[in-house]
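Engineer: Please read through the structure below; I'll follow up with questions.
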Amino acid sequence: DLGDTSDPRKLVVTEFRIIFEEDVDDITFNLSTGEGLNGLVNTGLTIKEGANYKFELRFKVNHEILSGLKFVNKTVKRSLIGSTDEIVIGSYAPTSEPHVFTFPRYGWNECPRGMLYRGKYSCTDSFVCGGSDLIPEVEHLSYTYPLIIAKNWP
């Protein structure tokens, strides 16, 4: 099974979901279409300060094995506060069925809290593979969206 051979993309992120520990609806975006990607880029995310969350990715691999797939998230707020997280997702063979990756696997991430952390951030996510001496780094998908850390849920 080589996945969808009519699609030229090697990696197709079908769903980007944020799961909350609180009794709040998950935030879900379909990144496999331009419309879904534009929805994330234009509307962004609003998360309550101190909320516990996980990311869940659903993706398909087409044509050939993706080796050393990584999710890179860069977050910047007015050049004062910023962070870069690089999560190794792994190596995946092509298939028609979506792969599911949830992180953190155990426990939860905690959204920062406090007046200093509230406000609007710019986040850039990218999906890359390779990056060793033998395999050059290839970026499969990259997008930038606004993130708002708010005192309360919208």
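If you're wondering about the labels, chains in the structure tokens are A, B, ... by order shown, residues count from 1 in each chain, ligands from 1 in order shown.
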Considering only C-alpha atoms, return as a list in words whatever protein or nucleic-acid residues lie within 12 Å of Ser91 in chain A, sequence-local ones (same chain, fewer than 4 positions apart) excluded.

Structural biologist: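 So, after excluding close chain neighbours, the residues are Leu11, Val61, Glu64, Ile65, Leu66, Ser67, Gly68, Leu69, Lys70, His99, Phe101, Val128, Cys129 and Gly130 of chain A.
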
Engineer: Name the residues in contact with Leu37 in chain A at a cut-off of 10 Å, using only C-alpha atoms, excluding same-chain residues fewer than 6 positions from it; report them as a ChimeraX atom specification.

Structural biologist: /A:13,16,29-31,143-145

Engineer: Go ahead and save the residues from that selection, with all heavy atoms, as a PDB file, in the first residue's frame.

Structural biologist:
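Output file again28.pdb is given in full below:
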ATOM      1  N   VAL A  13      -1.358  15.859   6.492  1.00  0.00           N
ATOM      2  CA  VAL A  13      -1.870  15.965   7.856  1.00  0.00           C
ATOM      3  C   VAL A  13      -3.377  16.136   7.739  1.00  0.00           C
ATOM      4  O   VAL A  13      -3.859  17.176   7.307  1.00  0.00           O
ATOM      5  CB  VAL A  13      -1.230  17.138   8.623  1.00  0.00           C
ATOM      6  CG1 VAL A  13      -1.783  17.216  10.040  1.00  0.00           C
ATOM      7  CG2 VAL A  13       0.282  16.996   8.643  1.00  0.00           C
ATOM      8  N   PHE A  16      -5.420  18.091  12.936  1.00  0.00           N
ATOM      9  CA  PHE A  16      -4.629  18.664  14.019  1.00  0.00           C
ATOM     10  C   PHE A  16      -5.626  18.983  15.117  1.00  0.00           C
ATOM     11  O   PHE A  16      -6.516  19.809  14.944  1.00  0.00           O
ATOM     12  CB  PHE A  16      -3.914  19.924  13.527  1.00  0.00           C
ATOM     13  CG  PHE A  16      -3.155  20.673  14.587  1.00  0.00           C
ATOM     14  CD1 PHE A  16      -2.049  20.115  15.190  1.00  0.00           C
ATOM     15  CD2 PHE A  16      -3.537  21.947  14.967  1.00  0.00           C
ATOM     16  CE1 PHE A  16      -1.331  20.807  16.156  1.00  0.00           C
ATOM     17  CE2 PHE A  16      -2.833  22.657  15.930  1.00  0.00           C
ATOM     18  CZ  PHE A  16      -1.728  22.073  16.527  1.00  0.00           C
ATOM     19  N   PHE A  29      -8.725  20.986  13.520  1.00  0.00           N
ATOM     20  CA  PHE A  29      -8.540  21.566  12.193  1.00  0.00           C
ATOM     21  C   PHE A  29      -8.164  20.459  11.221  1.00  0.00           C
ATOM     22  O   PHE A  29      -7.337  19.611  11.539  1.00  0.00           O
ATOM     23  CB  PHE A  29      -7.430  22.631  12.194  1.00  0.00           C
ATOM     24  CG  PHE A  29      -7.767  23.843  12.996  1.00  0.00           C
ATOM     25  CD1 PHE A  29      -7.337  23.953  14.308  1.00  0.00           C
ATOM     26  CD2 PHE A  29      -8.519  24.877  12.450  1.00  0.00           C
ATOM     27  CE1 PHE A  29      -7.642  25.072  15.063  1.00  0.00           C
ATOM     28  CE2 PHE A  29      -8.830  25.997  13.201  1.00  0.00           C
ATOM     29  CZ  PHE A  29      -8.392  26.087  14.505  1.00  0.00           C
ATOM     30  N   ASN A  30      -8.753  20.487  10.029  1.00  0.00           N
ATOM     31  CA  ASN A  30      -8.390  19.574   8.956  1.00  0.00           C
ATOM     32  C   ASN A  30      -7.345  20.289   8.102  1.00  0.00           C
ATOM     33  O   ASN A  30      -7.663  21.254   7.407  1.00  0.00           O
ATOM     34  CB  ASN A  30      -9.623  19.215   8.123  1.00  0.00           C
ATOM     35  CG  ASN A  30      -9.293  18.346   6.929  1.00  0.00           C
ATOM     36  OD1 ASN A  30      -8.129  18.132   6.597  1.00  0.00           O
ATOM     37  ND2 ASN A  30     -10.304  17.849   6.273  1.00  0.00           N
ATOM     38  N   LEU A  31      -6.110  19.841   8.173  1.00  0.00           N
ATOM     39  CA  LEU A  31      -5.031  20.519   7.447  1.00  0.00           C
ATOM     40  C   LEU A  31      -4.749  19.903   6.078  1.00  0.00           C
ATOM     41  O   LEU A  31      -3.806  20.304   5.413  1.00  0.00           O
ATOM     42  CB  LEU A  31      -3.752  20.504   8.295  1.00  0.00           C
ATOM     43  CG  LEU A  31      -3.860  21.139   9.674  1.00  0.00           C
ATOM     44  CD1 LEU A  31      -2.501  21.142  10.362  1.00  0.00           C
ATOM     45  CD2 LEU A  31      -4.424  22.541   9.606  1.00  0.00           C
ATOM     46  N   TYR A 143       3.092  26.322   8.479  1.00  0.00           N
ATOM     47  CA  TYR A 143       2.050  27.326   8.536  1.00  0.00           C
ATOM     48  C   TYR A 143       2.235  28.157   9.808  1.00  0.00           C
ATOM     49  O   TYR A 143       2.832  27.707  10.776  1.00  0.00           O
ATOM     50  CB  TYR A 143       0.653  26.689   8.505  1.00  0.00           C
ATOM     51  CG  TYR A 143       0.488  25.577   9.503  1.00  0.00           C
ATOM     52  CD1 TYR A 143       0.058  25.823  10.805  1.00  0.00           C
ATOM     53  CD2 TYR A 143       0.772  24.264   9.142  1.00  0.00           C
ATOM     54  CE1 TYR A 143      -0.067  24.798  11.724  1.00  0.00           C
ATOM     55  CE2 TYR A 143       0.642  23.229  10.062  1.00  0.00           C
ATOM     56  CZ  TYR A 143       0.222  23.506  11.338  1.00  0.00           C
ATOM     57  OH  TYR A 143       0.098  22.488  12.251  1.00  0.00           O
ATOM     58  N   THR A 144       1.726  29.382   9.774  1.00  0.00           N
ATOM     59  CA  THR A 144       1.812  30.298  10.910  1.00  0.00           C
ATOM     60  C   THR A 144       0.398  30.728  11.281  1.00  0.00           C
ATOM     61  O   THR A 144      -0.416  31.006  10.399  1.00  0.00           O
ATOM     62  CB  THR A 144       2.664  31.528  10.544  1.00  0.00           C
ATOM     63  OG1 THR A 144       3.977  31.067  10.190  1.00  0.00           O
ATOM     64  CG2 THR A 144       2.778  32.499  11.703  1.00  0.00           C
ATOM     65  N   TYR A 145       0.121  30.781  12.586  1.00  0.00           N
ATOM     66  CA  TYR A 145      -1.214  31.141  13.055  1.00  0.00           C
ATOM     67  C   TYR A 145      -1.109  31.902  14.369  1.00  0.00           C
ATOM     68  O   TYR A 145      -0.121  31.790  15.090  1.00  0.00           O
ATOM     69  CB  TYR A 145      -2.083  29.889  13.237  1.00  0.00           C
ATOM     70  CG  TYR A 145      -1.519  28.902  14.227  1.00  0.00           C
ATOM     71  CD1 TYR A 145      -1.915  28.927  15.566  1.00  0.00           C
ATOM     72  CD2 TYR A 145      -0.590  27.949  13.841  1.00  0.00           C
ATOM     73  CE1 TYR A 145      -1.386  28.026  16.477  1.00  0.00           C
ATOM     74  CE2 TYR A 145      -0.063  27.042  14.744  1.00  0.00           C
ATOM     75  CZ  TYR A 145      -0.469  27.089  16.051  1.00  0.00           C
ATOM     76  OH  TYR A 145       0.055  26.200  16.956  1.00  0.00           O
TER      77      TYR A 145
END

Engineer: Contacts of Thr124 in chain A at 12 Å or less, counting only C-alpha atoms, minus same-chain residues fewer than 4 places along, as a compact mmCIF listing (two decimals) with all heavy atoms, in the first residue's frame?

Structural biologist:
# COMPACT_ATOMS: atom_id res chain seq x y z
N LEU A 40 -7.27 27.61 10.24
CA LEU A 40 -6.33 27.73 11.35
C LEU A 40 -5.51 29.01 11.24
O LEU A 40 -5.35 29.75 12.22
CB LEU A 40 -5.40 26.51 11.41
CG LEU A 40 -4.26 26.56 12.42
CD1 LEU A 40 -4.81 26.72 13.84
CD2 LEU A 40 -3.41 25.31 12.31
N VAL A 41 -5.01 29.30 10.05
CA VAL A 41 -4.16 30.48 9.84
C VAL A 41 -4.93 31.77 10.11
O VAL A 41 -4.40 32.71 10.70
CB VAL A 41 -3.58 30.46 8.41
CG1 VAL A 41 -2.93 31.79 8.05
CG2 VAL A 41 -2.59 29.32 8.26
N GLY A 44 -6.93 31.11 14.13
CA GLY A 44 -6.00 30.81 15.21
C GLY A 44 -6.66 30.06 16.35
O GLY A 44 -7.74 29.48 16.20
N PHE A 71 7.87 17.23 14.36
CA PHE A 71 6.93 18.35 14.46
C PHE A 71 7.68 19.46 15.20
O PHE A 71 8.14 19.25 16.32
CB PHE A 71 5.68 17.92 15.23
CG PHE A 71 4.73 19.04 15.52
CD1 PHE A 71 3.89 19.53 14.53
CD2 PHE A 71 4.64 19.59 16.78
CE1 PHE A 71 2.99 20.55 14.80
CE2 PHE A 71 3.75 20.62 17.07
CZ PHE A 71 2.91 21.09 16.07
N VAL A 72 7.82 20.63 14.57
CA VAL A 72 8.55 21.74 15.16
C VAL A 72 7.56 22.89 15.37
O VAL A 72 6.87 23.30 14.44
CB VAL A 72 9.71 22.21 14.25
CG1 VAL A 72 10.45 23.37 14.89
CG2 VAL A 72 10.66 21.05 13.95
N ASN A 73 7.48 23.38 16.62
CA ASN A 73 6.58 24.48 16.97
C ASN A 73 7.42 25.63 17.53
O ASN A 73 8.13 25.46 18.50
CB ASN A 73 5.56 24.01 18.01
CG ASN A 73 4.72 25.15 18.53
OD1 ASN A 73 5.09 25.79 19.51
ND2 ASN A 73 3.60 25.40 17.89
N LYS A 74 7.33 26.79 16.87
CA LYS A 74 8.01 28.00 17.34
C LYS A 74 6.95 29.00 17.75
O LYS A 74 6.05 29.31 16.97
CB LYS A 74 8.87 28.60 16.24
CG LYS A 74 10.02 27.74 15.83
CD LYS A 74 10.82 28.35 14.70
CE LYS A 74 11.90 27.39 14.24
NZ LYS A 74 12.61 27.88 13.07
N THR A 75 7.06 29.52 18.98
CA THR A 75 6.09 30.46 19.51
C THR A 75 6.83 31.73 19.93
O THR A 75 7.82 31.66 20.64
CB THR A 75 5.38 29.85 20.74
OG1 THR A 75 4.81 28.59 20.35
CG2 THR A 75 4.28 30.75 21.24
N VAL A 76 6.34 32.88 19.48
CA VAL A 76 6.98 34.16 19.80
C VAL A 76 5.92 35.18 20.19
O VAL A 76 4.87 35.28 19.54
CB VAL A 76 7.79 34.70 18.59
CG1 VAL A 76 8.40 36.04 18.91
CG2 VAL A 76 8.86 33.71 18.18
N LYS A 77 6.19 35.95 21.25
CA LYS A 77 5.33 37.06 21.65
C LYS A 77 6.18 38.32 21.72
O LYS A 77 7.01 38.46 22.60
CB LYS A 77 4.70 36.80 23.02
CG LYS A 77 3.81 37.93 23.50
CD LYS A 77 3.24 37.66 24.87
CE LYS A 77 2.36 38.80 25.30
NZ LYS A 77 1.79 38.57 26.62
N GLY A 82 9.59 33.56 23.96
CA GLY A 82 9.53 32.63 22.84
C GLY A 82 10.06 31.27 23.21
O GLY A 82 10.78 31.13 24.20
N SER A 83 9.64 30.29 22.45
CA SER A 83 10.12 28.94 22.68
C SER A 83 10.05 28.16 21.39
O SER A 83 9.28 28.49 20.49
CB SER A 83 9.31 28.23 23.77
OG SER A 83 8.00 28.00 23.32
N THR A 84 10.88 27.15 21.29
CA THR A 84 10.85 26.23 20.17
C THR A 84 10.82 24.81 20.73
O THR A 84 11.66 24.45 21.54
CB THR A 84 12.09 26.40 19.27
OG1 THR A 84 12.11 27.75 18.77
CG2 THR A 84 12.07 25.45 18.11
N ASP A 85 9.83 24.07 20.29
CA ASP A 85 9.71 22.67 20.68
C ASP A 85 9.86 21.82 19.43
O ASP A 85 9.25 22.10 18.40
CB ASP A 85 8.34 22.38 21.32
CG ASP A 85 8.15 23.12 22.62
OD1 ASP A 85 9.10 23.11 23.43
OD2 ASP A 85 7.07 23.69 22.83
N GLU A 86 10.68 20.79 19.53
CA GLU A 86 10.88 19.85 18.42
C GLU A 86 10.54 18.46 18.93
O GLU A 86 11.19 17.95 19.83
CB GLU A 86 12.32 19.91 17.93
CG GLU A 86 12.56 19.08 16.70
CD GLU A 86 13.96 19.30 16.16
OE1 GLU A 86 14.24 20.41 15.67
OE2 GLU A 86 14.75 18.34 16.22
N LEU A 141 5.29 20.47 5.41
CA LEU A 141 4.18 21.39 5.64
C LEU A 141 4.62 22.42 6.67
O LEU A 141 5.28 22.07 7.66
CB LEU A 141 2.96 20.62 6.17
CG LEU A 141 1.71 21.43 6.52
CD1 LEU A 141 1.14 22.13 5.29
CD2 LEU A 141 0.66 20.54 7.16
N SER A 142 4.27 23.67 6.44
CA SER A 142 4.58 24.74 7.39
C SER A 142 3.48 25.78 7.32
O SER A 142 2.96 26.07 6.24
CB SER A 142 5.93 25.38 7.04
OG SER A 142 6.24 26.38 7.98
N TYR A 143 3.09 26.32 8.48
CA TYR A 143 2.05 27.33 8.54
C TYR A 143 2.24 28.16 9.81
O TYR A 143 2.83 27.71 10.78
CB TYR A 143 0.65 26.69 8.51
CG TYR A 143 0.49 25.58 9.50
CD1 TYR A 143 0.06 25.82 10.81
CD2 TYR A 143 0.77 24.26 9.14
CE1 TYR A 143 -0.07 24.80 11.72
CE2 TYR A 143 0.64 23.23 10.06
CZ TYR A 143 0.22 23.51 11.34
OH TYR A 143 0.10 22.49 12.25
N THR A 144 1.73 29.38 9.77
CA THR A 144 1.81 30.30 10.91
C THR A 144 0.40 30.73 11.28
O THR A 144 -0.42 31.01 10.40
CB THR A 144 2.66 31.53 10.54
OG1 THR A 144 3.98 31.07 10.19
CG2 THR A 144 2.78 32.50 11.70
N TYR A 145 0.12 30.78 12.59
CA TYR A 145 -1.21 31.14 13.05
C TYR A 145 -1.11 31.90 14.37
O TYR A 145 -0.12 31.79 15.09
CB TYR A 145 -2.08 29.89 13.24
CG TYR A 145 -1.52 28.90 14.23
CD1 TYR A 145 -1.91 28.93 15.57
CD2 TYR A 145 -0.59 27.95 13.84
CE1 TYR A 145 -1.39 28.03 16.48
CE2 TYR A 145 -0.06 27.04 14.74
CZ TYR A 145 -0.47 27.09 16.05
OH TYR A 145 0.06 26.20 16.96
N PRO A 146 -2.15 32.69 14.70
CA PRO A 146 -2.15 33.40 15.99
C PRO A 146 -2.64 32.49 17.12
O PRO A 146 -3.53 31.68 16.93
CB PRO A 146 -3.14 34.54 15.75
CG PRO A 146 -4.04 34.07 14.67
CD PRO A 146 -3.23 33.11 13.83
N LEU A 147 -2.02 32.64 18.28
CA LEU A 147 -2.43 31.94 19.50
C LEU A 147 -2.69 33.00 20.55
O LEU A 147 -1.84 33.86 20.79
CB LEU A 147 -1.34 30.99 19.97
CG LEU A 147 -1.50 30.43 21.38
CD1 LEU A 147 -2.68 29.47 21.45
CD2 LEU A 147 -0.22 29.71 21.81

Engineer: Would you mind listing what lies within 10 Å of Thr28 in chain A as a list in words, with only C-alpha atoms counted and same-chain residues fewer than 5 positions away left out?

Structural biologist: Glu15, Phe16, Arg17, Ile18, Ile19, Gly36, Leu40, Phe55, Glu56 and Leu57 of chain A

Engineer: Quick check, in Å to one decimal: how far apart do CA of Lys60 in chain A and CA of Asp4 in chain A lie?

Structural biologist: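 Rounded to one decimal, the two atoms are 8.7 Å apart.
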
Engineer: Which one is closest to Val24 in chain A: A:Leu2, A:Ile47, A:Cys123, A:Ile81? Count only C-alpha atoms.

Structural biologist: A:Ile47

Engineer: Considering only C-alpha atoms, can you say which of A:Ala93, A:Val12, A:Val88, A:Cys111 comes closest to Tyr53 in chain A?

Structural biologist: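 Closest to Tyr53 in chain A, using only C-alpha atoms: A:Cys111.
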
Engineer: Please, which residues of chain A, numbered as in this document, come out alpha helix (DSSP H) from DSSP, as an MDAnalysis selection string?

Structural biologist: chainID A and resid 34:43

Engineer: Let me make sure I understand: among A:Ile27, A:Asn42, A:Pro112, A:Arg58, which one has the smallest atom-to-atom distance to Ile89 in chain A if we use only C-alpha atoms?

Structural biologist: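 Smallest separation from Ile89 in chain A among the options: A:Arg58.
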
Engineer: Rank A:Pro104, A:Asp26, A:Glu137, A:Phe59 by their smallest atom-to-atom distance to Thr46 in chain A, using only C-alpha atoms, and report the top residue only.

Structural biologist: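 So, comparing all the options, the nearest one is A:Asp26.
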
Engineer: Between CA of Glu22 in chain A and CA of Lys151 in chain A, measure the distance and give it in Å to one decimal.

Structural biologist: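 For CA of Glu22 in chain A relative to CA of Lys151 in chain A, the distance reads 14.9 Å.
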